[in-house]
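Read through the structure below, which is laid out as C-alpha cells, and then see the notes.
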Amino acid sequence: MARFIASRLVSLILSLVVASVAIFVVIELVPGDPAGFMLGLNATPEAIAALRAEMGLTDGPLARYLTWTGGMLTGDFGTSYTYKVPVADLVAARLWVSLPLTAYALALSTLIAVPVGLLAASRRGRPADFAVMGATQLGIAVPNFWFAMLLVLVFAITWRVFPSGGFPGWEDGLWPGLRALTLPAVALALPQASILARVMRSALIETLGQDYIRTARAKGLSQGQSVRRHALRNALIPVMTILGLQFSFLLAGAIIIENVFFLPGLGRLIFQGITQRDLIVVESVVMLLVFAVILVTFLVDVAYALVDPRLRRA
Amino acid sequence: MSGLDVGGLSVTIHGTAVLTDVSFKMAPGEILGLVGESGSGKSMTALALMGLLPRGAEVDGRAVLGKTDLLSLDERAMCRVRGREIGMIFQEPMTALNPLQTIGAQVAEALAIHGGGARGAGELLARVGLDPDRIGPGRYPHELSGGQRQRVAIAIAIALSPRLLVADEPTTALDVTSQAEILDLLCDLVRDEGMGLLLITHDLAVVAGIADRVAVMQEGRIVEAGATEAVFRTRSHPYTRALFAASSHVPKRIAAPSGVPVLTVDGVRRHYPGPRKGLLRRGAPVRAVDGVSLGVGRGESVGLVGESGCGKSTLTRAILGLDALDAGQVALCGDAVMPPVPGEVRRRMQVVFQDPFGSFDPRWRVDRLVAEPFHLTGYPEDWRDKVAHALVAVGLKPRDMEKYIHEFSGGQRQRIAIARAIVIRPDLVILDEAVSALDVRVRAQILDLLADLQGEFGLSYLFISHDLSVVRSITDRVLVMQAGRIVEAGPTERVLAAPEHPYTRRLVAAVPVIPAGWITPQSA
C-alpha cells in the first residue's frame with residue numbers, strides 16, 4: 001500500500017509539472033498585452049514599456065516560467081494587475097467560499113444519491129424505480145440556475161428561512177455562513193445527485209447480477225443483507241469516480257450559481273480575471289484548479305485501493 | 001427418511017414450463033448425479049431446491065429435506081435453511097467470491113449468520129485442502145487459482161455441515177488436474193461428513209467416477225434414473241443413448257496428411273516483463289513461451305494440450321502474428337509471419353475461438369460477418385455466392401445470411417464461425433477451444449463437420465484444447481505443453497495411451513473416464 005501511494009505521488013508531481021508548462025504556454029499564446037490593457041487606449045508606448053519592465057514581462061519565457069512556478073512553491077502567486085493585491089490573498093478569500101460550497105453540495109448530493117440509487121436498484125422495474133428514474137431525468141435536464149431561482153422564490157422570498165444571496169463571511173460563526181450557502185449548495189447538488197443516483201443504481205444492478213451475490217444468497221444471506229454486505233462496496237468504484245469528477249467541476253464550475261446568489265467564489269474570480277486580461281490571476285487560479293483536480297484524482301485512486309485489494313499493487 | 005425427497009416438482013417462468021414433474025429421492029450420504037445438456041433444467045432444479053429461482057417463477061410440487069418441505073417455506077425461513085441445511089457451489093469459481101473480502105472473512109460470514117458452527121473459518125479452509133501457511137485466511141480471491149477458489153467456495157458451502165451439498169458443474173471451468181482434485185475432495189467430504197451430494201454436470205465421465213445413482217434430464221423432465229452402473233450399461237432411454245454416443249464420438253476422417261509443411265514454428269520465445277518491484281525495478285521476465293518448435297503438415301490435425309497458464313494462448317497469438325516474438329520464427333507455407341502480417345499471408349490462416357457469441361459483432365448480419373475475411377483479399381464479385389457456399393458447407397442455409405447472430409443457437413454460431421474461417425479457403429485453421437463450450441451432441445456434430453471440411457478442402461488444423469478426449473478423437477499428432485515448453489510430442493494415440501513424460505502421465509490419469517466394461521456396444 002505504501003508503495004502504491006508513493007508511485008501515485010510521483011505521477012501526481014509529474015502531472016503538475018506538465019500541467020504548469022501547458023498553462024504557461026497557453027497564456028503566452030493568448031493575444032493581448034496586459035500592460036497595454038491596464039494603461040488604456042491613450043497610453044504612450046514609453047509608459048507601456050516601463051510598465052512591462054516593472055511587471056517582469058520583458059524577461060525571457062524560461063525565466064518567467066521559473067519565477068512563476070518558484071513563486072507558487074513558496075506561496076507567492078504574484079500580484080494581480082488589476083486589484084493590486086497579492087493573488088494568493090485574492091484566491092484564499094475566494095477559496096473560503098468555493099471550497100465549503102463544493103463540499104456542502106457534494107455532501108448533499110451523496111446523501112441524496114446513495115439511498116435513492118439503492119432504492120431504485122433493489123426495486124428494479126417497479127414503481128419506485130420508475131419514479132427515481134423519472135425524477136433524476138428531470139434533475140439532469142433542468143439547469144441548476146432555474147432550480148436556484150425556484151429555491152430563492154420559495155425559501156427566501158415566500159418563507160424567508162434562508163437568505164436570497166450574498167455571503168456574510170465566516171467571522172460571525174459557522175451558522176450564518178452555512179445558512180448563506182445552503183440554497184446555492186442545494187441548487188448545485190440536485191443535478192449532481194441525479195447523475196450520481198443513476199450511476200449508483202446501474203452500478204448496483206450490475207453488482208447484484210454477479211456470481212458472488214448468488215454465493216452470498218446460497219450462504220443464507222437475505223437479499224437486503226447481500227446488498228449491504230457485498231454489493232454496496234463493490235458498486236462504490238464507479239460512484240467514487242463520479243464524485244471525484246463532480247468535485248473538480250463544482251470547484252470552479254459553480255460560476256452561474258455564484259452569480260445568482262452573489263457569492264464571491266472562484267468561478268467569478270476567474271471570469272473577472274479573463275475579461276480584465278489579469279493574466280497572472282487567471283494563470284494562478286487555473287493552476288490551482290489543476291492542482292485540485294490532480295489532488296482529487298490522487299485521493300480517488302487511494303480510495304479505490306482502500307476499497308479494492310486488487311488495485312493495491314503499484 | 002432424513003434424505004431428500006423431491007416429488008412432482010414443476011416450475012414455470014412467466015408461463016413457460018422449465019421443469020415438469022421432476023421427482024427423485026436421495027438417501028443421506030448419497031451422491032446423485034444429475035446429467036443433461038444445457039437448458040435441460042439441471043440448474044433450475046438446484047435453484048428450485050434453494051429457493052433462488054428468478055423472478056416470475058412459479059413452483060409446484062414438494063421437496064422434502066428431512067421433515068421440512070422446502071417449497072412451503074417463506075423467504076425468512078429459507079434464509080435459515082440455505083447455508084445451514086443445504087450448501088451450494090457453482091460453476092464459475094473465478095467470480096463466485098467477493099473480490100473485496102478476504103477468503104477467511106467470506107467463510108466466517110457463513111458461520112456468523114447462522115450463529116456459528118463446530119469449526120472456525122481457518123479450520124474449514126484447511127479441511128478443503130488450503131494449506132494455512134501458503135493460502136491463509138487473510139488472502140484475497142484474486143491471489144488464488146480457479147481450483148483454489150473452488151475450494152474456498154466448498155469451505156463456505158460445508159461450513160455448517162449441511163445435510164445436502166448441491167454442486168452445479170463444480171469442475172467444468174477447471175483444468176483436468178484441478179477437476180480430479182476437486183472431485184476427490186467432494187467424495188471425501190461426503191464420506192466424512194455424511195452429506196448428500198447432488199452433482200449437476202454435463203460430463204458423463206465425471207458422474208461415472210463418483211455418483212451412486214444418476215438421473216438423466218431432458219427438456220425439464222427426468223427421462224431415466226437409477227444406479228449409475230445400471231443406467232450406463234443398459235441405457236434404456238434413447239436420449240441417454242444419444243448422450244453416450246456423442247460423448248465418445250470419433251468423427252470419420254478421410255484426409256490423409258501429405259507431409260508438405262504448412263505451418264512451421266521454430267524456437268519461438270515470448271517473454272513478458274516481470275512484476276514491478278518498486279518504481280523502476282522489475283522482477284525476472286515471465287517466460288510465457290520458452291523455445292517452442294512445431295510443425296503442421298497439409299491436411300494434418302495437430303493438437304496442443306496443456307493446462308491454463310501453460311502458454312497456449314500466448315503461443316496462439318504468436319502463431320497468428322498478433323505479437324512480436326522475442327526469439328524464433330513462425331512461417332506459413334514458407335512466408336515469415338510477423339506483425340504487421342500482410343493480408344496475403346493472413347488470408348491463409350484463420351482462427352475459430354471458444355466463445356462464438358463474443359467473436360461476432362451483434363449488429364452485423366451473417367452475410368457481412370462471414371464475408372469479413374475478404375477484406376484481406378478484396379471482395380470478389382461473387383462474394384455473396386461464396387458466403388452462401390460456406391454456409392452450406394457448414395450445414396446452414398443460404399438464407400441464414402439475412403439473419404443476426406442472436407437468432408442462432410450456440411452450435412449454429414460455432415458453425416458460422418467456421419464458415420467465416422473457411423470462406424477464403426485458408427491453408428490452416430487454428431481452433432482455439434472451439435468446441436469446449438458446446439454440449440456433447442452439438443460437439444459431436446461440429447467435430448464431424450471439421451473432419452468433412454478437412455477432407456473437402458485439404459485444411460490443416462491446429463487444435464488447441466484442454467480437453468484430451470476431444471483432441472484424441474480428431475488429431476493425428478499431439479503436443480503437450482507445460483510452463484511454456486513442449487514436454488512431449490508424438491502420434492496422438494501413442495502419447496495418450498502410453499505417455500512418457502511425467503506431466504503427460506499426470507494429465508492423462510486425471511481425465512475422468514467411463515469404465516471400459518460399461519460402454520460395450522448395446523445388443524440392439
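Ordering of the C-alpha cells sets the chain letters (A, B, ...), residue numbers begin anew at 1 in every chain, and ligands are numbered from 1 in the order given.
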#### Entry: Residues of chain A within 7 Å of chain B, counting only C-alpha atoms, as a VMD selection string
chain A and resid 3 7 211 to 212 215 218 to 222 230 307 to 310
Using only C-alpha atoms, what table do you get, as JSON lines, when you list each residue of range 181-299 of chain B with an atom no more than 12 Å from range 474-478 of chain B, its nearest pair of atoms, and their distance in Å rounded to one decimal, rows by chain then rising number?
```
{"residue": "B:Ser248", "atom": "CA", "partner": "B:Ile474", "partner_atom": "CA", "distance": 11.6}
{"residue": "B:His249", "atom": "CA", "partner": "B:Ile474", "partner_atom": "CA", "distance": 9.8}
{"residue": "B:Val250", "atom": "CA", "partner": "B:Ile474", "partner_atom": "CA", "distance": 7.1}
{"residue": "B:Pro251", "atom": "CA", "partner": "B:Ile474", "partner_atom": "CA", "distance": 6.9}
{"residue": "B:Lys252", "atom": "CA", "partner": "B:Ile474", "partner_atom": "CA", "distance": 8.8}
{"residue": "B:Arg253", "atom": "CA", "partner": "B:Ile474", "partner_atom": "CA", "distance": 8.0}
{"residue": "B:Ile254", "atom": "CA", "partner": "B:Ile474", "partner_atom": "CA", "distance": 11.4}
{"residue": "B:Ala255", "atom": "CA", "partner": "B:Asp476", "partner_atom": "CA", "distance": 10.5}
{"residue": "B:Ala256", "atom": "CA", "partner": "B:Asp476", "partner_atom": "CA", "distance": 9.8}
{"residue": "B:Pro257", "atom": "CA", "partner": "B:Asp476", "partner_atom": "CA", "distance": 8.7}
{"residue": "B:Gly259", "atom": "CA", "partner": "B:Asp476", "partner_atom": "CA", "distance": 11.9}
{"residue": "B:Leu294", "atom": "CA", "partner": "B:Val478", "partner_atom": "CA", "distance": 10.2}
{"residue": "B:Gly295", "atom": "CA", "partner": "B:Arg477", "partner_atom": "CA", "distance": 10.2}
{"residue": "B:Val296", "atom": "CA", "partner": "B:Arg477", "partner_atom": "CA", "distance": 9.2}
{"residue": "B:Gly297", "atom": "CA", "partner": "B:Asp476", "partner_atom": "CA", "distance": 10.5}
{"residue": "B:Arg298", "atom": "CA", "partner": "B:Asp476", "partner_atom": "CA", "distance": 11.9}
{"residue": "B:Gly299", "atom": "CA", "partner": "B:Asp476", "partner_atom": "CA", "distance": 10.0}
```
### Task
Apply DSSP to the backbone of this structure and, from range 262-453 of chain B, keep only the residues in strand (DSSP E); write these as a ChimeraX atom specification.
/B:262-272,286-297,301-305,327-332,335-336,349-352,428-432
Residues of the last selection are to be written out with N, CA and C atoms, as a CSV table (one decimal), in the first residue's frame.
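Result went into result_20.csv, see below:
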```csv
chain,number,residue,atom,x,y,z
B,262,VAL,N,2.8,-26.9,-43.7
B,262,VAL,CA,2.0,-25.7,-43.9
B,262,VAL,C,2.5,-24.6,-42.9
B,263,LEU,N,2.5,-25.0,-41.6
B,263,LEU,CA,3.0,-24.1,-40.5
B,263,LEU,C,4.3,-24.7,-39.9
B,264,THR,N,5.3,-23.8,-39.8
B,264,THR,CA,6.4,-24.2,-39.0
B,264,THR,C,6.7,-23.2,-38.0
B,265,VAL,N,6.9,-23.6,-36.8
B,265,VAL,CA,7.2,-22.8,-35.7
B,265,VAL,C,8.6,-23.2,-35.2
B,266,ASP,N,9.5,-22.3,-35.1
B,266,ASP,CA,10.9,-22.7,-34.8
B,266,ASP,C,11.4,-21.9,-33.7
B,267,GLY,N,11.6,-22.5,-32.5
B,267,GLY,CA,12.3,-21.9,-31.4
B,267,GLY,C,11.7,-20.6,-30.9
B,268,VAL,N,10.3,-20.6,-30.9
B,268,VAL,CA,9.7,-19.3,-30.5
B,268,VAL,C,9.7,-19.0,-29.0
B,269,ARG,N,10.1,-17.8,-28.7
B,269,ARG,CA,10.1,-17.4,-27.3
B,269,ARG,C,9.3,-16.1,-27.2
B,270,ARG,N,8.6,-16.1,-26.1
B,270,ARG,CA,7.8,-14.9,-25.9
B,270,ARG,C,7.8,-14.6,-24.4
B,271,HIS,N,8.4,-13.5,-24.0
B,271,HIS,CA,8.6,-13.1,-22.6
B,271,HIS,C,7.7,-11.9,-22.3
B,272,TYR,N,7.2,-11.9,-21.0
B,272,TYR,CA,6.5,-10.7,-20.6
B,272,TYR,C,7.4,-10.1,-19.5
B,286,VAL,N,8.7,-13.1,-17.3
B,286,VAL,CA,7.9,-14.3,-17.3
B,286,VAL,C,8.1,-15.0,-18.7
B,287,ARG,N,8.6,-16.2,-18.7
B,287,ARG,CA,8.7,-16.8,-20.0
B,287,ARG,C,7.5,-17.6,-20.4
B,288,ALA,N,6.6,-16.9,-21.0
B,288,ALA,CA,5.3,-17.5,-21.3
B,288,ALA,C,5.4,-18.6,-22.4
B,289,VAL,N,6.2,-18.3,-23.4
B,289,VAL,CA,6.6,-19.4,-24.4
B,289,VAL,C,8.1,-19.4,-24.4
B,290,ASP,N,8.6,-20.6,-24.2
B,290,ASP,CA,10.0,-20.7,-23.9
B,290,ASP,C,10.7,-21.7,-24.9
B,291,GLY,N,10.9,-21.2,-26.1
B,291,GLY,CA,11.5,-22.1,-27.1
B,291,GLY,C,10.7,-23.2,-27.6
B,292,VAL,N,9.6,-22.9,-28.3
B,292,VAL,CA,8.7,-23.9,-28.8
B,292,VAL,C,8.9,-24.1,-30.3
B,293,SER,N,9.0,-25.3,-30.7
B,293,SER,CA,9.1,-25.6,-32.2
B,293,SER,C,8.0,-26.6,-32.5
B,294,LEU,N,7.3,-26.4,-33.6
B,294,LEU,CA,6.3,-27.4,-34.0
B,294,LEU,C,6.0,-27.2,-35.5
B,295,GLY,N,5.4,-28.2,-36.1
B,295,GLY,CA,5.1,-28.1,-37.5
B,295,GLY,C,3.7,-28.7,-37.7
B,296,VAL,N,3.0,-28.2,-38.7
B,296,VAL,CA,1.7,-28.8,-39.1
B,296,VAL,C,1.8,-29.0,-40.6
B,297,GLY,N,1.5,-30.2,-41.0
B,297,GLY,CA,1.5,-30.5,-42.5
B,297,GLY,C,0.2,-30.3,-43.1
B,301,SER,N,-4.0,-32.8,-38.7
B,301,SER,CA,-4.6,-32.1,-37.5
B,301,SER,C,-3.6,-32.3,-36.3
B,302,VAL,N,-3.2,-31.2,-35.7
B,302,VAL,CA,-2.3,-31.3,-34.6
B,302,VAL,C,-2.9,-30.8,-33.4
B,303,GLY,N,-2.9,-31.5,-32.3
B,303,GLY,CA,-3.4,-31.0,-31.1
B,303,GLY,C,-2.4,-30.4,-30.2
B,304,LEU,N,-2.8,-29.3,-29.5
B,304,LEU,CA,-1.9,-28.7,-28.5
B,304,LEU,C,-2.6,-28.7,-27.2
B,305,VAL,N,-2.1,-29.5,-26.2
B,305,VAL,CA,-2.9,-29.5,-24.9
B,305,VAL,C,-2.0,-29.0,-23.8
B,327,ALA,N,12.2,-14.3,-29.8
B,327,ALA,CA,13.2,-15.1,-30.5
B,327,ALA,C,12.4,-16.1,-31.3
B,328,GLY,N,13.1,-16.7,-32.3
B,328,GLY,CA,12.5,-17.7,-33.1
B,328,GLY,C,11.7,-17.2,-34.3
B,329,GLN,N,11.0,-18.1,-35.0
B,329,GLN,CA,10.4,-17.8,-36.3
B,329,GLN,C,9.1,-18.5,-36.4
B,330,VAL,N,8.1,-17.9,-37.0
B,330,VAL,CA,6.9,-18.6,-37.4
B,330,VAL,C,6.8,-18.4,-38.9
B,331,ALA,N,6.5,-19.5,-39.6
B,331,ALA,CA,6.4,-19.4,-41.1
B,331,ALA,C,5.2,-20.2,-41.5
B,332,LEU,N,4.4,-19.6,-42.5
B,332,LEU,CA,3.2,-20.2,-43.1
B,332,LEU,C,3.5,-20.4,-44.5
B,335,ASP,N,6.4,-18.4,-45.8
B,335,ASP,CA,6.4,-17.0,-45.6
B,335,ASP,C,6.4,-16.7,-44.1
B,336,ALA,N,7.4,-15.8,-43.7
B,336,ALA,CA,7.5,-15.4,-42.3
B,336,ALA,C,6.2,-14.7,-41.8
B,349,MET,N,-4.5,-18.2,-43.1
B,349,MET,CA,-4.6,-18.7,-41.7
B,349,MET,C,-5.8,-18.0,-41.0
B,350,GLN,N,-6.7,-18.9,-40.6
B,350,GLN,CA,-7.9,-18.3,-39.9
B,350,GLN,C,-8.0,-19.0,-38.6
B,351,VAL,N,-8.9,-18.4,-37.7
B,351,VAL,CA,-9.0,-18.9,-36.4
B,351,VAL,C,-10.4,-19.0,-35.9
B,352,VAL,N,-10.8,-20.0,-35.1
B,352,VAL,CA,-12.1,-20.1,-34.5
B,352,VAL,C,-11.9,-20.1,-33.0
B,428,LEU,N,-4.6,-23.1,-43.2
B,428,LEU,CA,-4.5,-23.5,-41.8
B,428,LEU,C,-5.7,-22.9,-41.0
B,429,VAL,N,-6.3,-23.7,-40.2
B,429,VAL,CA,-7.4,-23.1,-39.3
B,429,VAL,C,-6.9,-23.5,-37.9
B,430,ILE,N,-6.8,-22.4,-37.1
B,430,ILE,CA,-6.5,-22.6,-35.7
B,430,ILE,C,-7.8,-22.7,-34.9
B,431,LEU,N,-8.0,-23.8,-34.2
B,431,LEU,CA,-9.2,-24.0,-33.4
B,431,LEU,C,-8.9,-23.8,-31.9
B,432,ASP,N,-9.2,-22.7,-31.4
B,432,ASP,CA,-8.8,-22.4,-30.0
B,432,ASP,C,-9.9,-22.7,-29.1
```
### Task
Tell me, as a list in words, which residues lie within 9 Å of Val91 in chain A, counting only C-alpha atoms; anything in the same chain fewer than 3 positions away does not count.
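Here the qualifying residues turn out to be Pro86, Val87, Ala88, Arg94, Leu95, Trp96, Gly265, Leu266, Leu269, Val281, Ser284 and Val285 of chain A.
Of the listed residues B:Thr228, B:Gln218, B:Gln150, B:Ser72, the one whose atoms come nearest to Ser38 in chain B is B:Gln218, with distances taken using only C-alpha atoms.
Distances to Leu150 in chain A were evaluated for A:Val260, A:Ala203, A:Asp172, A:Leu208 using only C-alpha atoms, and the minimum falls at A:Val260.
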### All residues 10 Å or closer to range 182-187 of chain B, only C-alpha atoms, same chain fewer than 6 positions away omitted, as an NGL selection string
:B and (31 or 127-129 or 147-148 or 150-151 or 154 or 165 or 167 or 170-171 or 174 or 176 or 195 or 197 or 199 or 206-207 or 209-211 or 512)
### Task
Looking only at helix (DSSP H, G or I) from DSSP on the backbone, list the matching residues of range 8-198 of chain A as number ranges by chain.
A: 8-29, 34-39, 45-55, 61-73, 87-122, 127-141, 144-158, 174-198
### Message
Can you tell me which residues surround Ile416 in chain B at a distance of at most 8 Å, considering only C-alpha atoms, apart from same-chain residues fewer than 4 positions away, and format the answer as a list in words?
### Response
Val366, Val370, Leu391, Val394, Gln412 and Arg420 of chain B
Just write the chosen residues, C-alpha atoms, as an mmCIF file, in the first residue's frame.
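Saved as again_24.cif:
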```cif
data_model
loop_
_atom_site.group_PDB
_atom_site.id
_atom_site.type_symbol
_atom_site.label_atom_id
_atom_site.label_comp_id
_atom_site.auth_asym_id
_atom_site.auth_seq_id
_atom_site.Cartn_x
_atom_site.Cartn_y
_atom_site.Cartn_z
ATOM 1 C CA VAL B 366 -24.447 -13.013 -41.015
ATOM 2 C CA VAL B 370 -18.906 -14.384 -42.790
ATOM 3 C CA LEU B 391 -22.833 -21.565 -45.052
ATOM 4 C CA VAL B 394 -21.135 -25.902 -42.544
ATOM 5 C CA GLN B 412 -25.057 -22.797 -35.055
ATOM 6 C CA ARG B 420 -16.129 -17.350 -41.666
#
```
### Contacts of Thr16 in chain B within 12 Å, only C-alpha atoms, excl. fewer than 4 positions in-chain, as a count of residues only
10
Residues near range 15-17 of chain A, cut-off 10 Å, only C-alpha atoms, skip fewer than 5 positions along chain, as a compact mmCIF listing (two decimals) with N, CA, C and O atoms, in the first residue's frame:
```txt
# COMPACT_ATOMS: atom_id res chain seq x y z
N LEU A 9 2.05 9.33 -5.90
CA LEU A 9 2.57 10.66 -5.61
C LEU A 9 3.52 11.11 -6.72
O LEU A 9 3.50 12.27 -7.13
N VAL A 10 4.37 10.19 -7.17
CA VAL A 10 5.30 10.54 -8.24
C VAL A 10 4.52 10.99 -9.47
O VAL A 10 4.81 12.01 -10.08
N ALA A 22 2.00 23.52 -19.67
CA ALA A 22 0.91 23.71 -20.64
C ALA A 22 0.19 25.02 -20.38
O ALA A 22 -0.07 25.80 -21.31
N THR A 69 6.62 29.49 -11.28
CA THR A 69 6.48 28.23 -10.54
C THR A 69 7.19 28.29 -9.20
O THR A 69 6.68 27.82 -8.19
N MET A 287 -3.99 27.12 -12.45
CA MET A 287 -3.02 26.19 -11.88
C MET A 287 -3.58 25.57 -10.60
O MET A 287 -3.43 24.37 -10.35
N VAL A 290 -6.11 23.03 -11.50
CA VAL A 290 -5.44 21.82 -11.99
C VAL A 290 -4.90 21.03 -10.80
O VAL A 290 -5.06 19.81 -10.71
N PHE A 291 -4.30 21.76 -9.87
CA PHE A 291 -3.77 21.10 -8.69
C PHE A 291 -4.89 20.38 -7.95
O PHE A 291 -4.75 19.22 -7.54
N ILE A 294 -5.89 17.22 -9.84
CA ILE A 294 -4.90 16.16 -9.72
C ILE A 294 -4.91 15.58 -8.31
O ILE A 294 -4.82 14.37 -8.11
N LEU A 295 -5.06 16.48 -7.33
CA LEU A 295 -5.10 16.01 -5.94
C LEU A 295 -6.32 15.11 -5.72
O LEU A 295 -6.22 14.05 -5.09
```
### Query
Pick from A:Leu288, A:Leu62, A:Leu196, A:Leu311: nearest to Val239 in chain A, with only C-alpha atoms counted?
A:Leu196
### Message
Quick check, in Å to one decimal: how far apart do CA of Gln137 in chain A and CA of Gly224 in chain A lie?
### Response
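A separation of 26.4 Å between them.
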### Query
With distances taken over only C-alpha atoms, which of A:Leu101, A:Ile157, A:Val26, A:Val21 is nearest to Leu66 in chain A?
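Smallest distance to Leu66 in chain A is found for A:Val21.
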### Task
Work out how far apart CA of Ala242 in chain B and CA of Arg415 in chain B are and give it in Å to one decimal.
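Distance reported for this atom pair: 20.8 Å.
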#### Entry: A:Ala128, A:Ala193, A:Val161, A:Val97 ranked by distance to Ile112 in chain A, top pick (using only C-alpha atoms)
A:Ala193
